[in-house]
Structure formats: structure tokens, C-alpha cells
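Chemist: Structure file input-v9.tsv (TSV, C-alpha atoms and all ligand atoms) is given on the next line.
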chain	number	residue	atom	x	y	z
A	1	MET	CA	5.66	14.36	-8.77
A	2	THR	CA	4.19	15.49	-12.10
A	3	ARG	CA	0.81	15.29	-10.42
A	4	CYS	CA	1.97	17.52	-7.57
A	5	LEU	CA	3.24	20.00	-10.13
A	6	LEU	CA	-0.06	20.01	-12.06
A	7	LEU	CA	-2.05	20.42	-8.84
A	8	SER	CA	0.13	23.35	-7.82
A	9	MET	CA	-0.37	24.94	-11.22
A	10	ASP	CA	-4.15	24.47	-11.01
A	11	GLU	CA	-4.06	26.16	-7.63
A	12	TRP	CA	-2.07	29.05	-9.09
A	13	ARG	CA	-4.49	29.36	-11.99
A	14	ARG	CA	-7.45	29.68	-9.61
A	15	GLN	CA	-5.82	32.78	-8.15
A	16	HIS	CA	-6.19	34.44	-11.56
A	17	SER	CA	-9.76	33.28	-12.07
A	18	PRO	CA	-11.86	34.09	-14.07
A	19	LEU	CA	-8.99	34.86	-16.45
A	20	VAL	CA	-7.04	31.92	-17.81
A	21	PRO	CA	-3.36	32.73	-18.06
A	22	LYS	CA	-1.45	31.40	-21.03
A	23	VAL	CA	1.65	29.91	-19.44
A	24	GLU	CA	4.86	30.15	-21.40
A	25	ARG	CA	7.33	28.79	-18.91
A	26	VAL	CA	7.40	27.13	-15.52
A	27	HIS	CA	10.69	27.46	-13.72
A	28	LEU	CA	11.28	24.64	-11.27
A	29	GLN	CA	14.06	24.22	-8.72
A	30	VAL	CA	14.93	20.60	-8.07
A	31	GLY	CA	17.54	19.54	-5.55
A	32	THR	CA	19.88	16.74	-6.59
A	33	PHE	CA	19.14	14.98	-3.29
A	34	THR	CA	15.48	14.29	-4.10
A	35	CYS	CA	13.61	11.49	-5.81
A	36	VAL	CA	13.08	13.58	-8.95
A	37	GLU	CA	14.90	12.82	-12.20
A	38	PRO	CA	14.78	16.16	-14.08
A	39	ASP	CA	14.96	14.66	-17.60
A	40	GLN	CA	12.18	12.24	-16.79
A	41	LEU	CA	10.02	14.97	-15.28
A	42	VAL	CA	10.36	17.11	-18.44
A	43	VAL	CA	9.15	14.16	-20.53
A	44	THR	CA	6.17	13.32	-18.30
A	45	TRP	CA	5.31	17.04	-18.10
A	46	GLY	CA	5.18	17.28	-21.89
A	47	ASP	CA	2.81	14.32	-22.05
A	48	ALA	CA	0.67	15.49	-19.15
A	49	VAL	CA	0.00	19.05	-20.33
A	50	ARG	CA	-0.82	18.17	-23.93
A	51	GLY	CA	-4.38	19.29	-24.64
A	52	SER	CA	-4.76	20.99	-21.25
A	53	TRP	CA	-4.74	24.69	-20.36
A	54	LEU	CA	-0.98	24.30	-19.91
A	55	ASP	CA	-0.42	22.96	-23.43
A	56	GLY	CA	2.79	24.40	-24.83
A	57	ALA	CA	4.16	25.54	-21.48
A	58	GLU	CA	7.84	24.85	-21.24
A	59	LEU	CA	9.21	23.29	-18.07
A	60	VAL	CA	12.64	24.62	-17.17
A	61	ILE	CA	14.40	22.77	-14.40
A	62	GLU	CA	17.20	24.33	-12.42
A	63	SER	CA	19.20	21.80	-10.45
A	64	VAL	CA	20.15	22.74	-6.91
A	65	LEU	CA	23.32	20.97	-5.84
A	66	LEU	CA	23.59	18.98	-2.66
A	67	VAL	CA	25.53	20.98	-0.06
A	68	GLY	CA	26.26	19.68	3.42
A	69	ARG	CA	27.58	21.42	6.50
A	70	CYS	CA	30.40	19.73	8.35
A	71	VAL	CA	29.27	19.78	11.97
A	72	PRO	CA	32.71	19.88	13.68
A	73	CYS	CA	34.11	22.81	11.66
A	74	GLN	CA	30.90	24.33	10.20
A	75	ALA	CA	32.39	24.41	6.69
A	76	THR	CA	30.03	23.72	3.81
A	77	TYR	CA	30.97	21.04	1.28
A	78	ARG	CA	29.66	19.06	-1.70
A	79	PRO	CA	28.87	15.57	-0.42
A	80	ASP	CA	30.04	12.91	-2.85
A	81	PRO	CA	28.40	9.45	-2.80
A	82	SER	CA	31.70	7.81	-3.77
A	83	CYS	CA	33.19	9.26	-0.56
A	84	GLY	CA	30.18	8.15	1.46
A	85	PHE	CA	28.89	11.77	1.60
A	86	ARG	CA	31.58	12.49	4.23
A	87	SER	CA	33.17	15.91	4.60
A	88	PRO	CA	36.63	16.28	3.03
A	89	CYS	CA	37.78	18.58	5.85
A	90	CYS	CA	37.04	16.47	8.94
A	91	ASP	CA	35.91	13.17	7.39
A	92	HIS	CA	32.60	13.64	9.20
A	93	PRO	CA	29.35	11.94	8.06
A	94	MET	CA	26.65	14.04	6.37
A	95	GLU	CA	24.59	15.19	9.32
A	96	GLU	CA	23.34	18.55	8.06
A	97	ILE	CA	22.01	19.25	4.59
A	98	VAL	CA	22.11	22.91	3.56
A	99	SER	CA	20.62	22.51	0.09
A	100	GLY	CA	19.70	19.78	-2.37
A	101	ARG	CA	16.25	18.87	-0.99
A	102	GLU	CA	14.38	21.58	-2.96
A	103	LEU	CA	11.26	20.76	-4.97
A	104	ARG	CA	9.71	24.11	-5.75
A	105	ILE	CA	8.21	26.30	-8.42
A	106	ARG	CA	10.40	29.38	-8.57
A	107	SER	CA	8.38	31.33	-11.09
A	108	VAL	CA	5.77	31.17	-13.81
A	109	ALA	CA	6.00	33.25	-16.99
A	110	TYR	CA	2.64	33.89	-18.64
A	111	ALA	CA	0.40	36.32	-20.46
A	112	PHE	CA	-3.30	37.09	-20.79
A	113	ALA	CA	-4.91	37.03	-24.20
A	114	ASP	CA	-7.55	39.49	-22.95
A	115	GLN	CA	-6.96	43.25	-22.97
A	116	ALA	CA	-7.79	43.48	-19.31
A	117	VAL	CA	-4.56	42.73	-17.57
A	118	PRO	CA	-4.84	42.74	-13.80
A	119	ALA	CA	-1.95	44.00	-11.79
A	120	PRO	CA	0.36	41.12	-10.91
A	121	ALA	CA	-0.49	40.05	-7.40
A	122	ALA	CA	1.69	38.48	-4.80
A	123	HIS	CA	0.87	34.84	-4.17
A	124	PRO	CA	1.37	33.76	-0.60
A	125	PRO	CA	0.83	30.06	0.15
A	126	ALA	CA	-2.82	29.09	0.46
A	127	PRO	CA	-4.19	29.47	3.99
A	128	CYS	CA	-4.95	26.34	5.97
A	129	PRO	CA	-8.50	25.18	5.16
A	130	ALA	CA	-8.42	22.83	8.13
A	131	ALA	CA	-7.25	25.41	10.67
B	1	MET	CA	-2.14	42.46	-26.62
B	2	HIS	CA	0.02	39.90	-24.87
B	3	MET	CA	1.75	41.45	-21.95
B	4	PRO	CA	4.41	39.14	-20.55
B	5	LEU	CA	4.08	38.65	-16.83
B	6	GLU	CA	6.01	36.66	-14.30
B	7	ASP	CA	4.98	35.48	-10.85
B	8	ASN	CA	7.65	34.59	-8.37
B	9	LEU	CA	6.15	31.82	-6.32
B	10	GLY	CA	8.77	29.93	-4.34
B	11	LEU	CA	6.04	27.32	-3.94
B	12	ASN	CA	6.96	23.93	-2.49
B	13	LEU	CA	5.54	21.16	-4.69
B	14	LEU	CA	4.92	18.98	-1.67
B	15	ALA	CA	3.17	21.70	0.32
B	16	ALA	CA	-0.35	20.43	-0.39
B	17	ASN	CA	0.57	16.88	0.60
B	18	GLN	CA	2.43	18.12	3.67
B	19	HIS	CA	-0.66	20.03	4.65
B	20	ARG	CA	-2.83	16.91	4.49
B	21	ALA	CA	-0.14	14.93	6.31
B	22	ASP	CA	-0.15	17.49	9.13
B	23	HIS	CA	-3.90	17.06	9.32
B	24	ASN	CA	-3.56	13.24	9.61
B	25	ARG	CA	-0.87	13.77	12.17
B	26	ALA	CA	-3.10	15.99	14.29
B	27	HIS	CA	-5.66	13.16	14.38
B	28	PHE	CA	-3.00	10.59	15.35
B	29	ASP	CA	-1.81	12.85	18.14
B	30	ALA	CA	-5.35	13.42	19.40
B	31	TRP	CA	-5.90	9.66	19.43
B	32	LYS	CA	-2.49	9.11	21.06
B	33	LEU	CA	-1.81	6.69	18.25
B	34	LEU	CA	1.76	6.10	17.07
B	35	CYS	CA	1.84	5.84	13.27
B	36	LEU	CA	4.64	4.01	11.45
B	37	ASN	CA	5.29	4.34	7.72
B	38	VAL	CA	6.89	1.09	6.53
B	39	MET	CA	8.74	1.37	3.21
B	40	SER	CA	11.00	-0.76	1.02
B	41	SER	CA	11.47	-2.05	-2.50
B	42	PRO	CA	9.02	-4.81	-3.54
B	43	GLY	CA	9.66	-8.10	-1.76
B	44	ALA	CA	12.12	-6.79	0.86
B	45	GLY	CA	9.93	-8.28	3.58
B	46	LYS	CA	7.44	-5.66	4.80
B	47	THR	CA	4.49	-8.02	5.11
B	48	SER	CA	6.64	-10.75	6.68
B	49	LEU	CA	7.94	-8.22	9.20
B	50	LEU	CA	4.42	-7.14	10.08
B	51	GLU	CA	3.25	-10.74	10.41
B	52	ARG	CA	5.96	-11.57	12.90
B	53	SER	CA	5.90	-8.27	14.85
B	54	LEU	CA	2.09	-8.17	15.06
B	55	ALA	CA	1.99	-11.72	16.39
B	56	ALA	CA	4.67	-10.96	18.98
B	57	LEU	CA	3.24	-7.62	20.10
B	58	ALA	CA	-0.51	-8.23	19.92
B	59	SER	CA	-0.71	-9.12	23.61
B	60	ARG	CA	1.05	-5.86	24.61
B	61	TRP	CA	-0.48	-3.29	22.29
B	62	SER	CA	-3.66	-2.75	20.37
B	63	MET	CA	-2.77	-2.31	16.69
B	64	ALA	CA	-4.13	-2.00	13.15
B	65	VAL	CA	-2.66	-1.98	9.65
B	66	LEU	CA	-3.33	0.24	6.66
B	67	GLU	CA	-2.26	-1.88	3.71
B	68	GLY	CA	-1.07	0.10	0.69
B	69	ASP	CA	0.87	-2.71	-0.93
B	70	MET	CA	-1.76	-5.25	-1.86
B	71	THR	CA	0.29	-7.31	-4.27
B	72	THR	CA	-2.14	-10.13	-3.62
B	73	LEU	CA	-5.22	-10.45	-1.46
B	74	LEU	CA	-3.19	-13.06	0.38
B	75	ASP	CA	-1.14	-10.28	1.99
B	76	ALA	CA	-4.15	-8.96	3.89
B	77	GLU	CA	-5.16	-12.51	4.82
B	78	ARG	CA	-1.69	-13.23	6.16
B	79	LEU	CA	-2.03	-10.27	8.51
B	80	GLU	CA	-5.69	-10.76	9.43
B	81	ALA	CA	-4.73	-14.30	10.44
B	82	VAL	CA	-2.80	-12.76	13.32
B	83	GLY	CA	-6.05	-11.18	14.53
B	84	ILE	CA	-5.17	-7.58	13.64
B	85	PRO	CA	-7.59	-5.38	11.67
B	86	VAL	CA	-6.26	-4.70	8.18
B	87	VAL	CA	-7.70	-1.94	5.99
B	88	PRO	CA	-6.67	-1.86	2.34
B	89	ILE	CA	-5.83	1.56	0.92
B	90	THR	CA	-6.96	2.32	-2.61
B	91	THR	CA	-3.90	3.58	-4.39
B	92	GLY	CA	-5.13	3.45	-7.97
B	93	ARG	CA	-1.83	1.93	-9.02
B	94	ALA	CA	0.09	4.86	-7.61
B	95	CYS	CA	3.79	4.26	-6.99
B	96	HIS	CA	3.55	5.69	-3.47
B	97	LEU	CA	1.02	6.47	-0.77
B	98	ASP	CA	0.18	10.11	-0.23
B	99	ALA	CA	-1.49	11.76	2.73
B	100	ALA	CA	-4.91	11.88	1.03
B	101	MET	CA	-4.89	8.12	0.40
B	102	VAL	CA	-4.00	7.49	4.04
B	103	SER	CA	-6.76	9.84	5.11
B	104	GLY	CA	-9.18	7.71	3.03
B	105	GLY	CA	-7.85	4.58	4.74
B	106	LEU	CA	-8.38	6.18	8.13
B	107	LYS	CA	-12.05	6.83	7.34
B	108	LEU	CA	-12.50	3.13	6.50
B	109	LEU	CA	-10.69	2.17	9.68
B	110	GLN	CA	-13.01	4.38	11.72
B	111	GLN	CA	-16.01	2.43	10.39
B	112	ARG	CA	-14.56	-0.66	12.07
B	113	LEU	CA	-13.14	0.68	15.30
B	114	ASP	CA	-12.29	3.74	17.36
B	115	PRO	CA	-8.67	4.70	16.57
B	116	ALA	CA	-8.35	6.16	20.06
B	117	ASP	CA	-8.41	2.55	21.34
B	118	LEU	CA	-5.27	1.74	19.35
B	119	ASP	CA	-1.63	2.10	20.39
B	120	VAL	CA	0.14	1.60	17.07
B	121	LEU	CA	-0.96	2.04	13.45
B	122	TRP	CA	1.24	0.38	10.83
B	123	VAL	CA	1.10	1.65	7.26
B	124	GLU	CA	2.62	-0.66	4.67
B	125	ASN	CA	3.61	1.62	1.80
B	126	VAL	CA	3.82	0.71	-1.89
B	127	GLY	CA	6.93	-1.34	-2.72
B	128	ASN	CA	9.22	1.37	-4.10
B	129	LEU	CA	12.43	2.94	-2.80
B	130	VAL	CA	12.01	6.20	-4.71
B	131	CYS	CA	9.00	8.47	-4.18
B	132	PRO	CA	7.48	7.12	-0.93
B	133	ALA	CA	10.48	8.80	0.72
B	134	GLU	CA	9.23	12.25	-0.34
B	135	PHE	CA	5.55	11.91	0.56
B	136	ALA	CA	4.72	12.39	4.21
B	137	ILE	CA	1.51	10.69	5.32
B	138	GLY	CA	1.40	12.06	8.87
B	139	GLU	CA	3.55	9.30	10.32
B	140	HIS	CA	5.56	9.69	13.52
B	141	ARG	CA	8.34	7.39	12.39
B	142	LYS	CA	9.59	6.20	9.02
B	143	VAL	CA	10.86	2.62	8.89
B	144	ALA	CA	12.83	1.53	5.79
B	145	LEU	CA	13.62	-2.10	5.03
B	146	LEU	CA	16.54	-3.33	2.96
B	147	SER	CA	17.00	-7.02	2.35
B	148	VAL	CA	20.50	-8.49	2.20
B	149	THR	CA	19.65	-9.88	-1.25
B	150	GLU	CA	19.50	-6.32	-2.64
B	151	GLY	CA	23.26	-5.75	-2.44
B	152	ASP	CA	25.25	-3.36	-0.30
B	153	ASP	CA	25.11	-0.28	-2.56
B	154	LYS	CA	21.33	0.27	-2.31
B	155	PRO	CA	21.64	2.95	0.41
B	156	LEU	CA	23.96	4.97	-1.87
B	157	LYS	CA	21.75	4.46	-4.94
B	158	TYR	CA	18.56	5.46	-3.11
B	159	PRO	CA	19.99	7.80	-0.47
B	160	VAL	CA	16.83	9.88	0.06
B	161	MET	CA	14.86	6.92	1.39
B	162	PHE	CA	17.60	5.89	3.82
B	163	ARG	CA	18.25	9.50	4.79
B	164	GLU	CA	14.61	10.07	5.68
B	165	ALA	CA	14.22	6.87	7.71
B	166	ASP	CA	14.25	6.95	11.51
B	167	CYS	CA	14.94	3.24	11.56
B	168	VAL	CA	16.47	0.97	8.93
B	169	LEU	CA	15.86	-2.77	9.12
B	170	ILE	CA	18.32	-5.02	7.29
B	171	THR	CA	16.12	-8.02	6.54
B	172	LYS	CA	16.57	-11.69	5.56
B	173	VAL	CA	19.89	-12.00	7.40
B	174	ASP	CA	19.26	-15.78	7.56
B	175	LEU	CA	20.30	-15.81	3.89
B	176	LEU	CA	23.73	-14.27	4.56
B	177	PRO	CA	25.64	-17.60	4.58
B	178	HIS	CA	24.48	-18.19	1.01
B	179	LEU	CA	25.20	-14.73	-0.39
B	180	PRO	CA	28.37	-12.93	-1.48
B	181	VAL	CA	27.34	-9.83	0.46
B	182	ASP	CA	28.96	-8.10	3.43
B	183	VAL	CA	26.33	-7.00	5.95
B	184	GLU	CA	28.86	-4.70	7.64
B	185	ARG	CA	29.21	-2.78	4.37
B	186	ILE	CA	25.42	-2.45	4.10
B	187	GLU	CA	25.36	-0.93	7.56
B	188	VAL	CA	28.31	1.39	6.83
B	189	HIS	CA	26.52	2.68	3.73
B	190	ILE	CA	23.30	3.29	5.66
B	191	ARG	CA	25.22	5.28	8.29
B	192	GLN	CA	26.94	7.31	5.60
B	193	VAL	CA	23.64	8.70	4.34
B	194	ASN	CA	22.03	8.74	7.77
B	195	PRO	CA	24.28	8.77	10.83
B	196	ALA	CA	21.29	9.19	13.17
B	197	ALA	CA	19.17	6.18	12.10
B	198	ALA	CA	18.60	3.19	14.33
B	199	VAL	CA	19.73	0.09	12.42
B	200	PHE	CA	18.72	-3.50	13.16
B	201	ARG	CA	19.45	-6.81	11.45
B	202	LEU	CA	16.45	-9.10	11.24
B	203	SER	CA	15.25	-12.41	9.95
B	204	ALA	CA	11.49	-12.90	9.77
B	205	THR	CA	12.21	-16.57	9.14
B	206	SER	CA	14.27	-17.27	12.26
B	207	GLY	CA	13.12	-14.37	14.42
B	208	GLU	CA	16.69	-13.15	14.87
B	209	GLY	CA	16.92	-9.47	15.84
B	210	PHE	CA	13.24	-8.97	16.61
B	211	GLU	CA	13.79	-8.46	20.32
B	212	ALA	CA	16.04	-5.44	19.70
B	213	TRP	CA	13.67	-4.05	17.06
B	214	HIS	CA	10.67	-4.41	19.37
B	215	GLY	CA	12.71	-2.72	22.09
B	216	TRP	CA	13.22	0.26	19.79
B	217	LEU	CA	9.49	0.33	19.05
B	218	ALA	CA	8.64	0.31	22.74
B	219	ASP	CA	11.05	3.24	23.25
B	220	GLN	CA	9.36	5.19	20.45
B	221	LEU	CA	5.95	4.57	21.96
B	222	THR	CA	7.14	5.73	25.37
B	223	ALA	CA	8.74	8.86	23.88
B	224	PHE	CA	5.62	9.56	21.84
B	225	ARG	CA	3.30	9.24	24.81
B	226	SER	CA	5.38	11.50	27.00
B	227	ALA	CA	5.52	14.19	24.28
B	228	PRO	CA	2.69	13.43	21.85
B	229	ALA	CA	2.55	16.87	20.26
B	230	LEU	CA	6.31	17.13	19.74
B	231	VAL	CA	6.99	17.54	16.05
B	232	HIS	CA	9.51	15.03	14.83
B	233	ALA	CA	12.11	16.60	12.54
A	301	LIG	N1	14.72	-16.14	3.82
A	301	LIG	C1	13.89	-15.16	4.15
A	301	LIG	N2	12.87	-14.82	3.34
A	301	LIG	C2	12.06	-13.81	3.70
A	301	LIG	C3	12.24	-13.11	4.92
A	301	LIG	N3	11.28	-12.14	5.01
A	301	LIG	C4	10.54	-12.26	3.89
A	301	LIG	N4	10.99	-13.26	3.10
A	301	LIG	C5	10.44	-13.70	1.80
A	301	LIG	O1	10.54	-12.63	0.87
A	301	LIG	C6	9.39	-12.61	0.02
A	301	LIG	C7	8.74	-11.24	0.06
A	301	LIG	O2	8.30	-10.98	1.37
A	301	LIG	P1	7.13	-9.97	1.72
A	301	LIG	O3	7.03	-9.90	3.19
A	301	LIG	O4	5.89	-10.32	0.97
A	301	LIG	O5	7.74	-8.62	1.11
A	301	LIG	P2	7.02	-7.19	0.85
A	301	LIG	O6	6.74	-7.12	-0.62
A	301	LIG	O7	8.05	-6.16	1.24
A	301	LIG	O8	5.81	-7.14	1.70
A	301	LIG	C8	8.47	-13.72	0.50
A	301	LIG	O9	8.63	-14.84	-0.31
A	301	LIG	C9	8.95	-13.98	1.91
A	301	LIG	O10	8.74	-15.31	2.30
A	301	LIG	C10	13.33	-13.50	5.78
A	301	LIG	O11	13.58	-12.95	6.86
A	301	LIG	N5	14.12	-14.53	5.34
A	302	MG	MG	3.78	-6.66	1.22
A	303	ZN	ZN	35.07	19.91	8.64
A	304	ZN	ZN	5.39	7.66	-6.53
What is this structure when it is put down as C-alpha cells?
Modeler:
Amino acid sequence: MTRCLLLSMDEWRRQHSPLVPKVERVHLQVGTFTCVEPDQLVVTWGDAVRGSWLDGAELVIESVLLVGRCVPCQATYRPDPSCGFRSPCCDHPMEEIVSGRELRIRSVAYAFADQAVPAPAAHPPAPCPAA
Amino acid sequence: MHMPLEDNLGLNLLAANQHRADHNRAHFDAWKLLCLNVMSSPGAGKTSLLERSLAALASRWSMAVLEGDMTTLLDAERLEAVGIPVVPITTGRACHLDAAMVSGGLKLLQQRLDPADLDVLWVENVGNLVCPAEFAIGEHRKVALLSVTEGDDKPLKYPVMFREADCVLITKVDLLPHLPVDVERIEVHIRQVNPAAAVFRLSATSGEGFEAWHGWLADQLTAFRSAPALVHA
């Protein structure tokens, strides 16, 4: 997943080309119901960015808790593995997941060393090259 | 002067991979080729499953294998022995297959045959219960294996894999008489993380359970052919 993160950051950097932003902080949202171990990701991030254009950038991970929706009564609840992820209200299995699957970059804090600072642009997802 | 800036991105880390996976998927759909992503921890029985299923189904369907879990060259030989084309995928020691690797495998496959002539493409993923669950490769169905020797709490320890699977195969059930493990509990735990999954109990050694599993496969192929462009959730 570190690789995915670096690729996404490279992509973001290209949008500022030819300027190279000096990244101070990358704010990541990671659901607790994903394969990512936040502590581990912070360590591999530190190793991966050393000596690169992202050297010194801090990775801040915000955990997003697993929330399920109980299908019979539509209540939301915190699924607990020790209760088999079942809803406490109706004892229903975890059919719907409301949150907890997130793996996304929320924001990037950065600066330009140059005097010429372009206006911050919006960054929509890259268009489909294969379309 | 250093002017602090902040971009709000909301960018999905898996978006680039998903994009490539969608591209693979579009090819599979155009070829009317059902693609299965077979995943498990190392040694749970993926290659043994393929050996037995390929041998049993080769007379009904035309199939090929993309092999991403080349623990030994013997694995590919075991499958080629059944008379099915096997293309190794170069993973560069990655702990999972991604859509780009599968796309590379598809190009190699196309040098050997026309994928449009195939009915089913099996992809044996890297032996790992963690990240393969997050990386789509363009597959139509995800199949997760769990051997009875792995204990009954695996589905709760690696819930994402079992949640994402369309079908979970409990393997090596021939060993149950020798193990202090309750197969009912394994199945209960799978259903807790994924109430919708199809679950089968198999033994590649005795052949137990393969008829039901092949029945499920045939159903998937029928459903796929009647609605090939339908996006599977
Ligand atoms: N007893 C028993 N052993 C099995 C079964 N399926 C696979 N094995 C053994 O488990 C080991 C790993 O199997 P393999 O298919 O290579 O697993 P993979 O790493 O997931 O591809 C091999 O020694 C197989 O002979 C089964 O149904 N019963
Ligand atoms: Mg194998
Ligand atoms: Zn309820
Ligand atoms: Zn991986």
C-alpha cells in the first residue's frame, strides 16, 4: 500500500509541474476494516520517502471506525469481532458497511520554495486514459 | 517566502489500480471470459484445487491459468500436466497481484492463444490473506480458500479477505478426523463476516465436495453469460 501512496503522490506532484512542492504533511484516512496497519504504514513511509522529493514529509493517519447498518431496523452500529460483527439491536449479521473501508488521501500540506506561488487548484481525479 | 498551502484531495489510494482492473475487466467481458481470482494463505491448497477442478472440467470448458504463486516451477508443471495452458505472472516478489501484473500476464497469454476462445480464466494469487483482498485485478468472482488446519478464527483475524470473497472454500476436510477443529465453527465465522458468500467444504485428496463447488461455478458462468456487462458489486 506504501507503493500506492507514493504513486498517488507522484501523480499529485505532476499536477504542480514544473514546480516541485515541498510536502510537509500527508493526511491519510484509513478504515479499520482494511488490510492496512497504520503503525506499520508510517514506518514503511518513513523508509520509502528518505532521499526522495517527499523526504521529511510527515504521514498523519486518521483511523475511520468500522460502522455497520443493521438491515432489519436500519440503525447504525459498531461491529465487534468478538460478537461476530452482529448488530446489538437485532442480532443481525453484518450485511452493510457504512464506513471502515476507506483508504484515501484527505489532504496534502505543502509549500513552494519559489516566489511564484500559483493559485491552489482543485484536483479532480485523473481522467480515464483508456476511455 | 514559504506560503503554506493545503490541497484537499479525497483521493482513493486504490483508484489507479481499480482503473487498470476495470480495463482488464472490459477485455474479459468482450471476450466473454469469466475470470476467477483465487486467494488464500500459502499452502491452503490453491494449486491442488486447480489441479483437480481443471482435470474435472477440461472436457466441459476451455480454460487457462495465470499463475501468480510460483512457489516452485513444479506448480506450473502440475497444472500443465492436466493439459491447460499456464502463464506465469512476474510479481517481482510482491505480496499480492495487482491489475497491472495481471494485464502483463494477459499479454503473454495472448501470444499463445485467443482469449475469446476460453470460457474460464483462473488467476492463482500470491499466498497471502492480507493485501490480495484489497487489489482488484478485473476478476468477476473472488474465491478464498481456508484450510481446516488453519484454525477456526482465521475469518475473524483476516475479515477483509473473507468479506470480499464471493465464494469461500474450506479445504482439506479429509484431515478433520485428525484435528481438534470444529468445521461448523469455521463456517459460522465465515458467515459472520460475509453472510452472502457461498461456502463449500472440499478435499482435493478425496474429491469430496467438488461436485457442489463445480455446480456453483457452472451457475456463475451461466449468470455471467446472460449478463456479461453487469458490474458485480
Ligand atoms: N490432506 C490434504 N492435503 C492437501 C489438500 N489440498 C492440498 N493439500 C496439500 O497441501 C499442500 C499445499 O497445497 P498447494 O495446493 O500447493 O497450496 P497453495 O500454496 O495454496 O497452492 C500440499 O502438500 C498439498 O498436497 C487436501 O485436500 N487434503
Ligand atoms: Mg500454489
Ligand atoms: Zn437492528
Ligand atoms: Zn501486498
Chemist: For chain B against chain A, which residues fall within 10 Å using only C-alpha atoms, given as JSON, numbers by chain?
Modeler: {"B": [1, 2, 3, 4, 5, 6, 7, 8, 9, 10, 11, 12, 13, 14, 15, 16, 17, 19, 20, 22, 23, 129, 130, 131, 132, 133, 134, 135, 155, 156, 157, 158, 159, 160, 161, 163, 188, 189, 190, 191, 192, 193, 194, 195, 196]}
Chemist: Just the residues within 12 Å of Gly209 in chain B, please, counting all atoms listed in the file, with nothing from its chain fewer than 6 positions along; format it as a list of chain:residue names.
Modeler: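 The neighbour list is B:Leu49, B:Arg52, B:Ser53, B:Leu169, B:Ile170, B:Thr171, B:Lys172, B:Val173, B:Asp174, B:Val199, B:Phe200, B:Arg201, B:Leu202, B:Ser203, B:Gly215, B:Trp216.
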Chemist: Quick one: distance from atom C4 of ligand LIG 301 (chain A) to CA of Leu175 in chain B in Å, one decimal?
Modeler: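 Interatomic distance here is 10.4 Å.
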Chemist: May I ask you to write as a VMD selection string all residues lying at most 9 Å from ligand MG 302 (chain A), with all atoms listed in the file counted?
Modeler: chain B and resid 42 to 48 50 67 to 72 75 to 76 124 to 127
Chemist: Could you list, as a VMD selection string, all the residues within 8 Å of ligand ZN 303 (chain A), counting only C-alpha atoms and all ligand atoms?
Modeler: chain A and resid 69 to 76 87 to 92
Chemist: Would you please work out which residue, of B:Ala94, B:Ala197, B:Ala64, B:Leu145, is nearest to ligand ZN 304 (chain A) when using all atoms listed in the file?
Modeler: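 Using all atoms listed in the file, ligand ZN 304 (chain A) sits closest to B:Ala94.
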Chemist: Write out as a ChimeraX atom specification which residues come within 12 Å of range 218-225 of chain B when counting only C-alpha atoms, dropping same-chain ones fewer than 2 positions away.
Modeler: /B:28-36,53,57,60-61,118-121,139-143,166-167,198,211-216,227-232
Chemist: Would you mind writing range 196-209 of chain B with N, CA, C and O atoms, as a short mmCIF file (atom, residue, chain, number, x, y, z; two decimals), keeping the file's coordinate frame?
Modeler:
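File produced: out-v3.cif:
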data_model
loop_
_atom_site.label_atom_id
_atom_site.label_comp_id
_atom_site.auth_asym_id
_atom_site.auth_seq_id
_atom_site.Cartn_x
_atom_site.Cartn_y
_atom_site.Cartn_z
N ALA B 196 22.15 9.19 11.98
CA ALA B 196 21.29 9.19 13.17
C ALA B 196 20.32 8.01 13.22
O ALA B 196 19.69 7.77 14.25
N ALA B 197 20.20 7.24 12.13
CA ALA B 197 19.17 6.18 12.10
C ALA B 197 19.50 5.05 13.06
O ALA B 197 20.66 4.71 13.28
N ALA B 198 18.45 4.45 13.61
CA ALA B 198 18.60 3.19 14.33
C ALA B 198 18.66 2.08 13.28
O ALA B 198 17.89 2.10 12.32
N VAL B 199 19.59 1.15 13.42
CA VAL B 199 19.73 0.09 12.42
C VAL B 199 19.67 -1.27 13.12
O VAL B 199 20.35 -1.48 14.13
N PHE B 200 18.82 -2.15 12.61
CA PHE B 200 18.72 -3.50 13.16
C PHE B 200 18.83 -4.53 12.05
O PHE B 200 18.44 -4.27 10.91
N ARG B 201 19.35 -5.71 12.41
CA ARG B 201 19.45 -6.81 11.45
C ARG B 201 18.43 -7.86 11.84
O ARG B 201 18.45 -8.35 12.98
N LEU B 202 17.59 -8.23 10.90
CA LEU B 202 16.45 -9.10 11.24
C LEU B 202 16.34 -10.29 10.29
O LEU B 202 16.73 -10.22 9.12
N SER B 203 15.74 -11.34 10.80
CA SER B 203 15.25 -12.41 9.95
C SER B 203 13.83 -12.75 10.37
O SER B 203 13.60 -13.19 11.50
N ALA B 204 12.88 -12.55 9.46
CA ALA B 204 11.49 -12.90 9.77
C ALA B 204 11.33 -14.41 9.78
O ALA B 204 10.37 -14.94 10.34
N THR B 205 12.26 -15.12 9.17
CA THR B 205 12.21 -16.57 9.14
C THR B 205 12.63 -17.16 10.49
O THR B 205 11.93 -18.00 11.06
N SER B 206 13.76 -16.70 11.02
CA SER B 206 14.27 -17.27 12.26
C SER B 206 13.86 -16.47 13.50
O SER B 206 13.91 -16.96 14.61
N GLY B 207 13.47 -15.21 13.29
CA GLY B 207 13.12 -14.37 14.42
C GLY B 207 14.31 -13.60 14.98
O GLY B 207 14.16 -12.78 15.90
N GLU B 208 15.47 -13.84 14.41
CA GLU B 208 16.69 -13.15 14.87
C GLU B 208 16.50 -11.63 14.79
O GLU B 208 15.97 -11.11 13.80
N GLY B 209 16.92 -10.93 15.85
CA GLY B 209 16.92 -9.47 15.84
C GLY B 209 15.61 -8.81 16.24
O GLY B 209 15.58 -7.60 16.48
#
